[in-house]
$ cat structure_32.cif   # mmCIF, C-alpha atoms
data_data
loop_
_atom_site.label_atom_id
_atom_site.label_comp_id
_atom_site.auth_asym_id
_atom_site.auth_seq_id
_atom_site.Cartn_x
_atom_site.Cartn_y
_atom_site.Cartn_z
CA MET A 14 -82.20 -150.80 -104.24
CA ALA A 15 -79.58 -149.55 -106.64
CA SER A 16 -76.04 -149.23 -105.35
CA ILE A 17 -72.76 -147.56 -106.23
CA THR A 18 -70.14 -150.18 -106.90
CA ALA A 19 -67.21 -147.99 -107.86
CA SER A 20 -66.13 -144.51 -108.89
CA VAL A 21 -63.88 -143.58 -111.78
CA TYR A 22 -62.02 -140.30 -112.19
CA THR A 23 -60.37 -139.10 -115.37
CA SER A 24 -59.36 -136.04 -117.37
CA HIS A 25 -61.35 -135.48 -120.56
CA VAL A 26 -58.94 -133.64 -122.88
CA PRO A 27 -60.45 -133.22 -126.40
CA ALA A 28 -57.14 -134.00 -128.11
CA ILE A 29 -57.27 -137.50 -126.60
CA GLY A 30 -60.50 -138.13 -128.51
CA ALA A 31 -58.99 -136.70 -131.67
CA ALA A 32 -55.88 -138.89 -131.30
CA LEU A 33 -58.03 -142.00 -130.99
CA ASP A 34 -60.40 -141.03 -133.80
CA LEU A 35 -57.51 -140.24 -136.16
CA GLY A 36 -55.70 -143.51 -135.41
CA LYS A 37 -52.77 -141.92 -133.58
CA SER A 38 -53.09 -143.87 -130.34
CA ASN A 39 -49.94 -145.90 -131.01
CA GLU A 40 -47.73 -142.87 -131.58
CA PRO A 41 -45.29 -142.58 -128.63
CA TYR A 42 -46.78 -139.24 -127.50
CA TRP A 43 -50.27 -140.74 -127.18
CA ARG A 44 -49.22 -144.27 -126.21
CA ALA A 45 -47.88 -142.71 -123.00
CA VAL A 46 -51.42 -141.49 -122.24
CA PHE A 47 -53.42 -144.52 -123.36
CA GLN A 48 -51.22 -147.09 -121.59
CA GLY A 49 -52.45 -145.62 -118.32
CA TYR A 50 -55.91 -146.89 -119.26
CA ASP A 51 -55.00 -150.41 -120.44
CA PHE A 52 -55.74 -151.81 -116.99
CA SER A 53 -58.91 -149.75 -116.71
CA LYS A 54 -60.41 -151.11 -119.93
CA GLN A 55 -59.94 -154.67 -118.71
CA TRP A 56 -61.27 -153.77 -115.25
CA LEU A 57 -64.41 -152.22 -116.75
CA LYS A 58 -65.06 -155.37 -118.81
CA GLU A 59 -64.80 -157.46 -115.65
CA HIS A 60 -66.87 -155.07 -113.54
CA LYS A 61 -69.45 -153.91 -116.04
CA PRO A 62 -72.09 -151.80 -114.30
CA ASP A 63 -75.77 -151.61 -115.26
CA VAL A 64 -75.57 -147.81 -115.51
CA ILE A 65 -72.84 -145.16 -115.50
CA PHE A 66 -73.68 -141.83 -113.87
CA LEU A 67 -71.22 -139.57 -115.67
CA VAL A 68 -70.38 -136.16 -114.24
CA PHE A 69 -68.85 -133.85 -116.84
CA ASN A 70 -69.01 -130.30 -118.09
CA ASP A 71 -70.30 -128.94 -121.34
CA HIS A 72 -67.76 -126.73 -123.15
CA ALA A 73 -70.05 -124.17 -124.80
CA THR A 74 -71.61 -126.93 -126.87
CA ALA A 75 -75.13 -127.80 -125.67
CA PHE A 76 -75.24 -124.73 -123.45
CA SER A 77 -74.31 -121.38 -124.98
CA LEU A 78 -74.81 -118.18 -123.02
CA ASP A 79 -78.56 -118.62 -123.61
CA MET A 80 -78.74 -120.80 -120.51
CA ILE A 81 -76.14 -121.68 -117.91
CA PRO A 82 -77.47 -124.38 -115.58
CA THR A 83 -75.24 -125.06 -112.58
CA PHE A 84 -76.27 -128.72 -112.32
CA ALA A 85 -78.12 -130.41 -115.20
CA ILE A 86 -79.25 -134.04 -115.32
CA GLY A 87 -79.86 -135.70 -118.69
CA THR A 88 -83.15 -137.60 -118.56
CA ALA A 89 -83.45 -138.44 -122.28
CA ALA A 90 -83.53 -141.89 -123.87
CA GLU A 91 -80.45 -141.06 -125.95
CA PHE A 92 -77.86 -138.36 -126.54
CA GLN A 93 -75.98 -137.66 -129.78
CA PRO A 94 -72.24 -136.88 -129.87
CA ALA A 95 -72.01 -133.14 -130.55
CA ASP A 96 -70.39 -131.28 -133.43
CA GLU A 97 -68.03 -128.98 -131.54
CA GLY A 98 -66.83 -127.31 -134.72
CA TRP A 99 -64.58 -130.10 -136.00
CA GLY A 100 -67.55 -132.39 -136.84
CA PRO A 101 -69.10 -134.94 -134.43
CA ARG A 102 -66.74 -137.58 -133.01
CA PRO A 103 -67.25 -140.96 -134.75
CA VAL A 104 -68.39 -142.67 -131.55
CA PRO A 105 -71.61 -144.50 -130.64
CA LYS A 106 -74.61 -142.52 -129.50
CA VAL A 107 -75.11 -142.49 -125.76
CA ILE A 108 -78.09 -144.46 -124.48
CA GLY A 109 -79.61 -142.91 -121.38
CA HIS A 110 -81.60 -144.38 -118.52
CA PRO A 111 -84.70 -142.16 -118.32
CA ALA A 112 -86.36 -144.03 -115.47
CA LEU A 113 -83.38 -143.90 -113.13
CA ALA A 114 -82.51 -140.37 -114.18
CA ALA A 115 -86.04 -139.17 -113.41
CA HIS A 116 -85.89 -140.90 -110.04
CA ILE A 117 -82.55 -139.28 -109.18
CA ALA A 118 -83.83 -135.88 -110.31
CA GLN A 119 -86.88 -136.13 -108.08
CA SER A 120 -84.97 -137.42 -105.07
CA VAL A 121 -82.06 -134.99 -105.32
CA ILE A 122 -84.33 -131.96 -105.81
CA GLN A 123 -86.27 -133.04 -102.73
CA GLN A 124 -82.94 -133.03 -100.92
CA ASP A 125 -82.64 -129.31 -101.79
CA PHE A 126 -80.35 -129.50 -104.84
CA ASP A 127 -82.13 -127.51 -107.53
CA LEU A 128 -81.19 -129.50 -110.62
CA THR A 129 -82.05 -128.49 -114.16
CA ILE A 130 -83.74 -131.33 -116.03
CA VAL A 131 -82.57 -131.72 -119.62
CA ASN A 132 -84.60 -133.81 -122.05
CA LYS A 133 -82.59 -132.86 -125.13
CA MET A 134 -78.83 -132.43 -125.18
CA ASP A 135 -75.92 -133.30 -127.44
CA VAL A 136 -72.91 -134.46 -125.46
CA ASP A 137 -69.42 -133.13 -126.15
CA HIS A 138 -65.89 -134.42 -125.51
CA GLY A 139 -66.37 -133.91 -121.78
CA LEU A 140 -68.59 -136.99 -121.80
CA THR A 141 -67.36 -139.00 -124.78
CA VAL A 142 -63.61 -138.86 -124.11
CA PRO A 143 -63.91 -140.58 -120.70
CA LEU A 144 -66.03 -143.30 -122.35
CA SER A 145 -63.41 -143.72 -125.07
CA LEU A 146 -60.58 -143.93 -122.53
CA MET A 147 -62.38 -146.56 -120.48
CA CYS A 148 -64.02 -148.55 -123.32
CA GLY A 149 -61.80 -148.08 -126.40
CA GLN A 150 -63.64 -148.02 -129.71
CA PRO A 151 -66.68 -150.33 -129.37
CA GLN A 152 -69.71 -150.44 -131.69
CA ALA A 153 -71.89 -149.48 -128.72
CA TRP A 154 -71.08 -148.24 -125.22
CA PRO A 155 -71.26 -151.09 -122.68
CA CYS A 156 -74.27 -149.78 -120.73
CA PRO A 157 -76.69 -146.86 -120.39
CA VAL A 158 -75.18 -143.57 -119.25
CA ILE A 159 -76.83 -140.73 -117.32
CA PRO A 160 -75.08 -137.48 -118.28
CA PHE A 161 -74.77 -134.98 -115.46
CA ALA A 162 -73.45 -131.59 -116.57
CA VAL A 163 -71.87 -129.08 -114.18
CA ASN A 164 -71.19 -125.45 -115.01
CA VAL A 165 -67.47 -124.89 -114.64
CA VAL A 166 -67.22 -122.39 -117.52
CA GLN A 167 -68.77 -119.21 -116.14
CA TYR A 168 -67.64 -118.21 -112.66
CA PRO A 169 -68.80 -118.81 -109.98
CA VAL A 170 -68.90 -122.57 -110.41
CA PRO A 171 -70.36 -124.64 -107.55
CA SER A 172 -68.04 -125.03 -104.57
CA GLY A 173 -66.21 -128.22 -103.75
CA ALA A 174 -68.29 -128.58 -100.61
CA ARG A 175 -71.53 -128.28 -102.59
CA CYS A 176 -70.33 -130.88 -105.09
CA PHE A 177 -69.29 -133.24 -102.29
CA ALA A 178 -72.72 -132.91 -100.62
CA LEU A 179 -74.45 -133.45 -103.96
CA GLY A 180 -72.60 -136.75 -104.37
CA GLN A 181 -74.00 -137.85 -101.03
CA ALA A 182 -77.51 -136.90 -102.14
CA ILE A 183 -77.07 -138.90 -105.36
CA ARG A 184 -76.06 -141.92 -103.30
CA ARG A 185 -79.22 -141.61 -101.19
CA ALA A 186 -81.29 -141.25 -104.35
CA LEU A 187 -79.91 -144.51 -105.73
CA GLU A 188 -80.55 -146.31 -102.48
CA SER A 189 -84.25 -145.47 -102.76
CA TYR A 190 -84.58 -146.92 -106.29
CA ASP A 191 -86.49 -150.20 -106.45
CA GLU A 192 -84.47 -152.03 -109.07
CA PRO A 193 -81.16 -153.56 -107.84
CA LEU A 194 -78.95 -151.80 -110.37
CA LYS A 195 -75.16 -151.65 -110.10
CA VAL A 196 -74.14 -148.06 -110.78
CA GLN A 197 -70.72 -146.55 -111.30
CA ILE A 198 -70.26 -142.84 -110.82
CA TRP A 199 -67.58 -141.09 -112.85
CA GLY A 200 -66.09 -137.69 -112.15
CA THR A 201 -64.24 -136.10 -115.07
CA GLY A 202 -62.19 -133.05 -116.09
CA GLY A 203 -58.88 -131.58 -114.92
CA MET A 204 -56.25 -132.00 -113.84
CA SER A 205 -54.13 -128.84 -113.83
CA HIS A 206 -54.44 -126.86 -117.04
CA GLN A 207 -54.94 -123.35 -118.30
CA LEU A 208 -56.06 -122.64 -121.85
CA GLN A 209 -55.95 -118.85 -121.84
CA GLY A 210 -53.69 -115.86 -121.61
CA PRO A 211 -49.94 -115.59 -121.01
CA ARG A 212 -50.21 -118.26 -118.27
CA ALA A 213 -51.55 -120.87 -120.77
CA GLY A 214 -49.83 -124.21 -120.41
CA LEU A 215 -49.59 -124.11 -116.62
CA ILE A 216 -49.08 -127.55 -115.05
CA ASN A 217 -48.74 -128.18 -111.32
CA SER A 218 -47.91 -131.87 -110.87
CA ALA A 219 -47.19 -131.58 -107.15
CA TRP A 220 -50.59 -130.00 -106.50
CA ASP A 221 -52.34 -132.56 -108.74
CA ASN A 222 -50.78 -135.50 -106.92
CA ALA A 223 -51.64 -134.01 -103.55
CA PHE A 224 -55.22 -133.65 -104.85
CA LEU A 225 -55.27 -137.37 -105.74
CA ASP A 226 -53.89 -138.30 -102.30
CA ARG A 227 -56.54 -136.26 -100.54
CA LEU A 228 -59.34 -137.42 -102.83
CA ILE A 229 -58.56 -140.95 -101.68
CA ALA A 230 -57.93 -140.35 -97.99
CA ASP A 231 -59.48 -137.01 -97.00
CA PRO A 232 -62.26 -136.04 -99.42
CA LYS A 233 -64.14 -134.03 -96.82
CA GLY A 234 -61.09 -131.89 -96.12
CA LEU A 235 -60.41 -131.58 -99.84
CA SER A 236 -63.96 -130.36 -100.42
CA THR A 237 -63.20 -127.19 -98.42
CA VAL A 238 -60.52 -126.03 -100.89
CA SER A 239 -61.57 -122.65 -102.27
CA HIS A 240 -62.11 -121.73 -105.91
CA ILE A 241 -59.18 -119.35 -105.82
CA GLU A 242 -56.79 -122.13 -104.80
CA TYR A 243 -57.86 -124.20 -107.83
CA VAL A 244 -57.40 -121.21 -110.12
CA ARG A 245 -54.09 -120.11 -108.66
CA GLU A 246 -52.51 -123.56 -108.28
CA ALA A 247 -54.13 -125.67 -111.01
CA GLY A 248 -54.92 -123.06 -113.67
CA SER A 249 -58.15 -121.37 -114.72
CA GLU A 250 -59.48 -124.58 -116.29
CA GLY A 251 -58.15 -126.79 -113.47
CA ILE A 252 -61.27 -125.79 -111.56
CA GLU A 253 -63.01 -128.63 -113.43
CA LEU A 254 -61.65 -130.83 -110.64
CA VAL A 255 -64.55 -129.85 -108.35
CA MET A 256 -66.58 -132.34 -110.41
CA TRP A 257 -64.49 -135.20 -109.04
CA LEU A 258 -65.89 -134.41 -105.60
CA ILE A 259 -69.42 -135.28 -106.75
CA ALA A 260 -68.30 -138.80 -107.59
CA ARG A 261 -66.25 -139.07 -104.41
CA GLY A 262 -69.15 -137.89 -102.24
CA ALA A 263 -71.22 -140.80 -103.50
CA MET A 264 -68.82 -143.42 -102.15
CA GLY A 265 -69.80 -145.61 -99.22
CA ASP A 266 -67.21 -144.43 -96.71
CA VAL A 267 -68.70 -140.93 -96.75
CA ALA A 268 -71.97 -142.49 -95.53
CA GLY A 269 -70.20 -144.37 -92.74
CA GLY A 270 -68.95 -147.43 -94.63
CA PRO A 271 -65.40 -148.76 -94.94
CA PRO A 272 -62.82 -146.83 -96.98
CA PRO A 273 -62.77 -147.55 -100.71
CA ARG A 274 -60.05 -149.65 -102.30
CA VAL A 275 -57.66 -147.93 -104.71
CA VAL A 276 -57.90 -150.16 -107.76
CA HIS A 277 -55.83 -148.02 -110.13
CA ARG A 278 -53.99 -144.70 -110.17
CA PHE A 279 -52.30 -142.95 -113.10
CA PHE A 280 -50.81 -139.53 -113.74
CA HIS A 281 -49.12 -138.22 -116.87
CA VAL A 282 -48.00 -134.91 -118.39
CA PRO A 283 -48.87 -133.79 -121.02
CA ALA A 284 -51.89 -134.45 -123.17
CA SER A 285 -52.01 -131.32 -125.31
CA ASN A 286 -52.25 -128.53 -122.67
CA THR A 287 -53.24 -130.71 -119.75
CA ALA A 288 -52.10 -132.98 -116.94
CA VAL A 289 -53.92 -136.32 -117.17
CA GLY A 290 -55.06 -137.87 -113.90
CA HIS A 291 -56.99 -141.08 -113.45
CA LEU A 292 -58.20 -143.07 -110.46
CA ILE A 293 -60.51 -146.00 -109.85
CA LEU A 294 -61.99 -146.50 -106.38
CA ASP A 295 -63.95 -149.60 -105.53
CA ASN A 296 -66.59 -149.58 -102.80
CA ALA A 297 -65.55 -152.35 -100.42
CA ALA A 298 -68.34 -154.94 -100.32
CA MET U 5 -71.08 -103.21 -102.21
CA ALA U 6 -69.08 -104.79 -105.00
CA LEU U 7 -68.68 -108.55 -105.28
CA ASP U 8 -65.48 -110.10 -103.97
CA LYS U 9 -63.17 -111.05 -106.85
CA PRO U 10 -60.20 -112.78 -105.23
CA TYR U 11 -58.86 -113.90 -108.63
CA LEU U 12 -57.74 -110.53 -109.96
CA ASP U 13 -54.15 -111.01 -108.71
CA VAL U 14 -53.46 -114.18 -110.72
CA PRO U 15 -51.00 -113.24 -113.48
CA GLY U 16 -51.87 -113.77 -117.14
CA THR U 17 -55.37 -114.98 -116.27
CA THR U 18 -58.87 -113.60 -116.82
CA ILE U 19 -61.69 -115.30 -114.95
CA PHE U 20 -64.87 -115.53 -117.00
CA ASP U 21 -67.29 -114.20 -114.41
CA ALA U 22 -70.75 -112.66 -114.77
CA ASP U 23 -69.29 -109.22 -115.60
CA GLN U 24 -67.02 -110.60 -118.33
CA SER U 25 -69.89 -112.72 -119.63
CA ARG U 26 -72.16 -109.68 -119.88
CA LYS U 27 -69.46 -107.74 -121.71
CA GLY U 28 -68.76 -110.61 -124.08
CA TYR U 29 -72.30 -111.82 -124.64
CA TRP U 30 -72.55 -111.11 -128.37
CA LEU U 31 -68.92 -111.99 -129.05
CA ASN U 32 -69.47 -115.41 -127.50
CA GLN U 33 -72.83 -115.92 -129.18
CA PHE U 34 -71.24 -115.05 -132.54
CA CYS U 35 -68.68 -117.80 -131.79
CA MET U 36 -71.49 -120.27 -131.08
CA SER U 37 -72.97 -119.53 -134.50
CA LEU U 38 -69.80 -121.00 -136.05
CA MET U 39 -70.89 -124.46 -134.93
CA LYS U 40 -73.05 -124.56 -138.06
CA ALA U 41 -71.22 -125.37 -141.30
CA GLU U 42 -73.21 -122.85 -143.37
CA ASN U 43 -72.30 -120.06 -140.94
CA ARG U 44 -68.61 -121.03 -141.05
CA ALA U 45 -68.75 -120.78 -144.83
CA ARG U 46 -70.44 -117.36 -144.74
CA PHE U 47 -67.95 -116.09 -142.13
CA LYS U 48 -64.97 -117.27 -144.17
CA ALA U 49 -66.35 -115.74 -147.35
CA ASN U 50 -66.62 -112.25 -145.81
CA GLU U 51 -65.61 -111.93 -142.18
CA ARG U 52 -66.43 -108.25 -141.85
CA ALA U 53 -69.93 -108.63 -143.30
CA TYR U 54 -70.68 -111.60 -141.10
CA LEU U 55 -69.43 -109.84 -137.96
CA ASP U 56 -71.56 -106.80 -138.80
CA GLU U 57 -74.65 -108.96 -138.36
CA TRP U 58 -73.86 -109.16 -134.63
CA ALA U 59 -74.29 -106.52 -131.93
CA MET U 60 -70.57 -106.67 -131.12
CA SER U 61 -68.36 -103.67 -130.40
CA GLU U 62 -65.95 -102.52 -133.09
CA GLU U 63 -63.07 -103.53 -130.80
CA GLN U 64 -64.46 -107.04 -130.53
CA LYS U 65 -64.80 -107.31 -134.31
CA GLN U 66 -61.23 -106.11 -134.83
CA ALA U 67 -59.92 -108.55 -132.24
CA VAL U 68 -61.69 -111.44 -134.00
CA MET U 69 -60.38 -110.46 -137.43
CA ALA U 70 -56.85 -110.16 -135.99
CA ARG U 71 -57.31 -113.55 -134.24
CA ASP U 72 -55.99 -111.81 -131.13
CA LEU U 73 -57.35 -114.21 -128.52
CA ASN U 74 -55.89 -112.32 -125.55
CA ARG U 75 -57.73 -109.21 -126.69
CA CYS U 76 -60.92 -111.23 -127.29
CA ILE U 77 -60.72 -112.52 -123.71
CA GLU U 78 -60.13 -109.03 -122.37
CA LEU U 79 -63.29 -107.94 -124.20
CA GLY U 80 -65.42 -110.66 -122.61
CA GLY U 81 -64.66 -113.73 -124.71
CA ASN U 82 -64.27 -117.16 -123.16
CA ILE U 83 -61.86 -119.74 -124.56
CA TYR U 84 -64.48 -122.46 -124.99
CA PHE U 85 -66.52 -120.10 -127.14
CA LEU U 86 -63.48 -118.63 -128.93
CA SER U 87 -62.36 -122.16 -129.78
CA LYS U 88 -65.13 -122.21 -132.41
CA ILE U 89 -63.14 -119.57 -134.34
CA GLY U 90 -60.08 -121.80 -134.03
CA ALA U 91 -62.06 -124.78 -135.27
CA THR U 92 -63.22 -122.71 -138.25
CA ASP U 93 -59.55 -121.95 -138.98
CA GLY U 94 -58.57 -125.60 -138.48
CA LYS U 95 -56.57 -124.88 -135.31
CA SER U 96 -56.22 -127.19 -132.31
CA PHE U 97 -56.63 -126.13 -128.69
CA GLN U 98 -52.88 -126.33 -128.31
CA GLN U 99 -52.31 -123.95 -131.20
CA MET U 100 -54.90 -121.55 -129.79
CA ALA U 101 -53.54 -121.65 -126.24
CA GLY U 102 -49.99 -121.25 -127.49
CA SER U 103 -50.94 -118.22 -129.58
CA MET U 104 -51.72 -116.30 -126.38
CA THR U 105 -48.20 -116.68 -124.99
CA GLY U 106 -46.23 -115.17 -127.88
CA MET U 107 -44.36 -118.45 -128.28
CA THR U 108 -44.17 -120.23 -131.59
CA GLU U 109 -46.12 -123.45 -131.93
CA GLU U 110 -42.88 -125.44 -131.59
CA GLU U 111 -41.78 -123.52 -128.51
CA TYR U 112 -45.13 -124.02 -126.80
CA ARG U 113 -45.26 -127.70 -127.65
CA ALA U 114 -41.72 -128.16 -126.31
CA MET U 115 -42.72 -126.43 -123.06
CA MET U 116 -45.63 -128.85 -122.64
CA MET U 117 -43.43 -131.87 -123.44
CA SER U 118 -41.00 -130.83 -120.74
CA GLY U 119 -43.74 -130.80 -118.09
CA GLY U 120 -45.61 -127.58 -118.85
CA ARG U 121 -45.32 -124.07 -117.50
CA THR U 122 -44.06 -123.95 -113.94
CA ILE U 123 -46.22 -122.59 -111.15
CA GLU U 124 -43.17 -120.98 -109.53
CA GLY U 125 -43.33 -117.22 -109.90
CA ASN U 126 -46.74 -117.49 -111.55
CA ARG U 127 -49.10 -117.56 -108.59
CA TYR U 128 -49.39 -113.83 -107.87
CA VAL U 129 -49.04 -110.66 -109.92
CA GLY U 130 -45.72 -109.09 -109.03
CA GLU U 131 -43.63 -112.28 -108.92
CA ASP U 132 -41.05 -113.00 -111.62
CA GLY U 133 -42.48 -116.04 -113.45
CA ASP U 134 -42.71 -116.30 -117.23
CA ALA U 135 -46.46 -115.49 -117.28
CA GLN U 136 -45.95 -112.07 -115.67
CA ALA U 137 -46.74 -108.95 -117.68
CA HIS U 138 -43.14 -107.73 -117.76
CA ARG U 139 -42.00 -110.95 -119.41
CA GLN U 140 -44.29 -110.84 -122.48
CA PRO U 141 -44.12 -111.94 -125.19
CA GLN U 142 -42.52 -115.25 -124.35
CA GLY U 143 -40.13 -117.40 -126.37
CA ALA U 144 -37.89 -116.11 -129.13
CA ALA U 145 -40.31 -113.24 -129.76
CA GLY U 146 -39.49 -111.89 -126.30
CA LYS U 147 -35.73 -112.32 -126.68
CA THR U 148 -35.62 -110.20 -129.82
CA LYS U 149 -37.95 -107.55 -128.39
CA GLY U 150 -36.42 -104.13 -128.82
CA ALA U 151 -33.36 -105.56 -130.58
#
$ encode --input "structure_32.cif" --output "structure tokens"
Amino acid sequence: MASITASVYTSHVPAIGAALDLGKSNEPYWRAVFQGYDFSKQWLKEHKPDVIFLVFNDHATAFSLDMIPTFAIGTAAEFQPADEGWGPRPVPKVIGHPALAAHIAQSVIQQDFDLTIVNKMDVDHGLTVPLSLMCGQPQAWPCPVIPFAVNVVQYPVPSGARCFALGQAIRRALESYDEPLKVQIWGTGGMSHQLQGPRAGLINSAWDNAFLDRLIADPKGLSTVSHIEYVREAGSEGIELVMWLIARGAMGDVAGGPPPRVVHRFFHVPASNTAVGHLILDNAA
Amino acid sequence: MALDKPYLDVPGTTIFDADQSRKGYWLNQFCMSLMKAENRARFKANERAYLDEWAMSEEQKQAVMARDLNRCIELGGNIYFLSKIGATDGKSFQQMAGSMTGMTEEEYRAMMMSGGRTIEGNRYVGEDGDAQAHRQPQGAAGKTKGA
């Protein structure tokens, strides 16, 4: 059976990708962000998974208002970095894992999560910035990636509780896969930020750090936090954080195993308009 | 019975819900069209003519031409769609977000460098935080207001 070895959580601010692509990563402003990932890059090299299941959101890139799937799993063999209006990021194409993705789709739908299956999709900064943060600038990404897109653009987005339960269903899906693959699940987006209106630029570090504490120690309780609390406390775009609960729900302790180990934790303000949060949790063997 | 919208009392914030999305459908789809280079070129060459190809309201067209993002959002726009206009103009997300506060680019950047906008006074309409309606525009523009 396939198994989840670890979960990774990180913000996916587009300006981080731009800073890297334009060679600004050693400027003091950006160094302060990237140094939080120095450990993580080394850790990923030493704990390379067979597949990354990457939860992210599309930012009006692959999905316009033509179609707004709440949960969409990418089952293609490969995914191209999208042109979001500034030209595509100069990063490797993303190689998928169609067999595992199809298996997860079938299993999770049979567990009553009505996923949308996507066989063609360009992937935007929501997916490529986390890969850049964790892998740097390689010629190819270290392993296949299954993109999993969540609607957090048009309200209502899925609830924290729904996301947390979905993570548990994904874990069960992996456990019923024949091949013994090591899978990491990544939850991305957040932390506090607001990109619109007179309240643009909102940052709530105290709330963000309490979110990290609870994500580690009390994910079930955290999953009951309402949409309005995210919006009010973490900004209109801070609601992306519900996606972290999908990754957290897939961890072993939620299914009765021992608590995960906190391998790394980082928090920094600002990256452009956003608070950057990052966490690595290891499933105790 | 109307749907519950518990987010209407958050100051300086418009939640992009199904009603806003319906209102802004063509505005947002126009924005999506700017992801193609040839459309960006046509838009830049004659904004009015390009906008007239879309079933947008006159108010929406005026708001786009004025680059008034707050007004665009009021009329159903969403920032991730509107960002395609910014990209066409060569603007970053920070420049676009800042433009909605009344602050200059430098003022907004300085606010972010010093930890961002505080939550205090900015949770509910009727408090006294800097995002409240009675404190707009922000920055130097607000200080000279009415002077």
$ residues_near_point --input "structure_32.cif" --point "(-69.4, -127.4, -123.1)" --cutoff "10 Å" --atoms "only C-alpha atoms" --output "NGL selection string"
(:A and (69-77 or 95 or 97 or 135-140 or 162-166)) or (:U and (84-85))
$ atom_distance --input "structure_32.cif" --atom1 "atom CA of A:His291" --atom2 "atom CA of A:Val46"
10.4 Å
$ resolve_selection --input "structure_32.cif" --expression "the PyMOL selection byres ((chain A) within 6 of (chain U))" --output "JSON, numbers by chain"
{"A": [72, 73, 98, 99, 167, 168, 208, 209, 210, 211, 212, 213, 214, 215, 216, 245, 282, 285]}
$ atom_distance --input "structure_32.cif" --atom1 "atom CA of A:Asp34" --atom2 "atom CA of U:Gly81"
29.1 Å
$ resolve_selection --input "structure_32.cif" --expression "the PyMOL selection byres ((chain U and resi 52-54) around 12)" --output "list in words"
Phe34, Cys35, Ser37, Leu38, Glu42, Asn43, Arg44, Ala45, Arg46, Phe47, Lys48, Ala49, Asn50, Glu51, Leu55, Asp56, Glu57, Trp58, Ala59, Met60, Glu62, Gln64, Lys65, Gln66, Ala67, Val68, Met69 and Ala70 of chain U
$ resolve_selection --input "structure_32.cif" --expression "the PyMOL selection byres ((chain A and resi 67) around 9)" --output "ChimeraX atom specification"
/A:65-66,68-69,140,143,158-162,197-201,260
$ write_last_selection --input "structure_32.cif" --atoms "C-alpha atoms" --output "mmCIF file, keeping the file's coordinate frame"
data_model
loop_
_atom_site.group_PDB
_atom_site.id
_atom_site.type_symbol
_atom_site.label_atom_id
_atom_site.label_comp_id
_atom_site.auth_asym_id
_atom_site.auth_seq_id
_atom_site.Cartn_x
_atom_site.Cartn_y
_atom_site.Cartn_z
ATOM 1 C CA ILE A 65 -72.840 -145.160 -115.500
ATOM 2 C CA PHE A 66 -73.680 -141.830 -113.870
ATOM 3 C CA VAL A 68 -70.380 -136.160 -114.240
ATOM 4 C CA PHE A 69 -68.850 -133.850 -116.840
ATOM 5 C CA LEU A 140 -68.590 -136.990 -121.800
ATOM 6 C CA PRO A 143 -63.910 -140.580 -120.700
ATOM 7 C CA VAL A 158 -75.180 -143.570 -119.250
ATOM 8 C CA ILE A 159 -76.830 -140.730 -117.320
ATOM 9 C CA PRO A 160 -75.080 -137.480 -118.280
ATOM 10 C CA PHE A 161 -74.770 -134.980 -115.460
ATOM 11 C CA ALA A 162 -73.450 -131.590 -116.570
ATOM 12 C CA GLN A 197 -70.720 -146.550 -111.300
ATOM 13 C CA ILE A 198 -70.260 -142.840 -110.820
ATOM 14 C CA TRP A 199 -67.580 -141.090 -112.850
ATOM 15 C CA GLY A 200 -66.090 -137.690 -112.150
ATOM 16 C CA THR A 201 -64.240 -136.100 -115.070
ATOM 17 C CA ALA A 260 -68.300 -138.800 -107.590
#
$ residues_around --input "structure_32.cif" --residues "A:His281" --least-positions-apart "4" --cutoff "9 Å" --atoms "all atoms listed in the file" --output "PyMOL selection string"
chain A and resi 45-46+49+218+288-290
$ write_last_selection --input "structure_32.cif" --atoms "C-alpha atoms" --output "mmCIF file, in the frame of the given file"
data_model
loop_
_atom_site.group_PDB
_atom_site.id
_atom_site.type_symbol
_atom_site.label_atom_id
_atom_site.label_comp_id
_atom_site.auth_asym_id
_atom_site.auth_seq_id
_atom_site.Cartn_x
_atom_site.Cartn_y
_atom_site.Cartn_z
ATOM 1 C CA ALA A 45 -47.880 -142.710 -123.000
ATOM 2 C CA VAL A 46 -51.420 -141.490 -122.240
ATOM 3 C CA GLY A 49 -52.450 -145.620 -118.320
ATOM 4 C CA SER A 218 -47.910 -131.870 -110.870
ATOM 5 C CA ALA A 288 -52.100 -132.980 -116.940
ATOM 6 C CA VAL A 289 -53.920 -136.320 -117.170
ATOM 7 C CA GLY A 290 -55.060 -137.870 -113.900
#
$ atom_distance --input "structure_32.cif" --atom1 "atom CA of A:Asn222" --atom2 "atom CA of A:Phe280"
7.9 Å
$ residues_around --input "structure_32.cif" --residues "A:Leu179" --least-positions-apart "3" --cutoff "8 Å" --atoms "only C-alpha atoms" --output "PyMOL selection string"
chain A and resi 121+126+175-176+182-183+259+262
$ write_last_selection --input "structure_32.cif" --atoms "C-alpha atoms" --output "JSON list (two decimals), keeping the file's coordinate frame"
[["chain", "number", "residue", "atom", "x", "y", "z"],
["A", 121, "VAL", "CA", -82.06, -134.99, -105.32],
["A", 126, "PHE", "CA", -80.35, -129.50, -104.84],
["A", 175, "ARG", "CA", -71.53, -128.28, -102.59],
["A", 176, "CYS", "CA", -70.33, -130.88, -105.09],
["A", 182, "ALA", "CA", -77.51, -136.90, -102.14],
["A", 183, "ILE", "CA", -77.07, -138.90, -105.36],
["A", 259, "ILE", "CA", -69.42, -135.28, -106.75],
["A", 262, "GLY", "CA", -69.15, -137.89, -102.24]]
$ axis_aligned_box --input "structure_32.cif" --around "stretch 50-61 of chain U" --padding-each-side "8 Å" --output "AutoDock Vina command-line options"
--center_x -70.1 --center_y -108.0 --center_z -138.1 --size_x 25.0 --size_y 24.6 --size_z 31.4
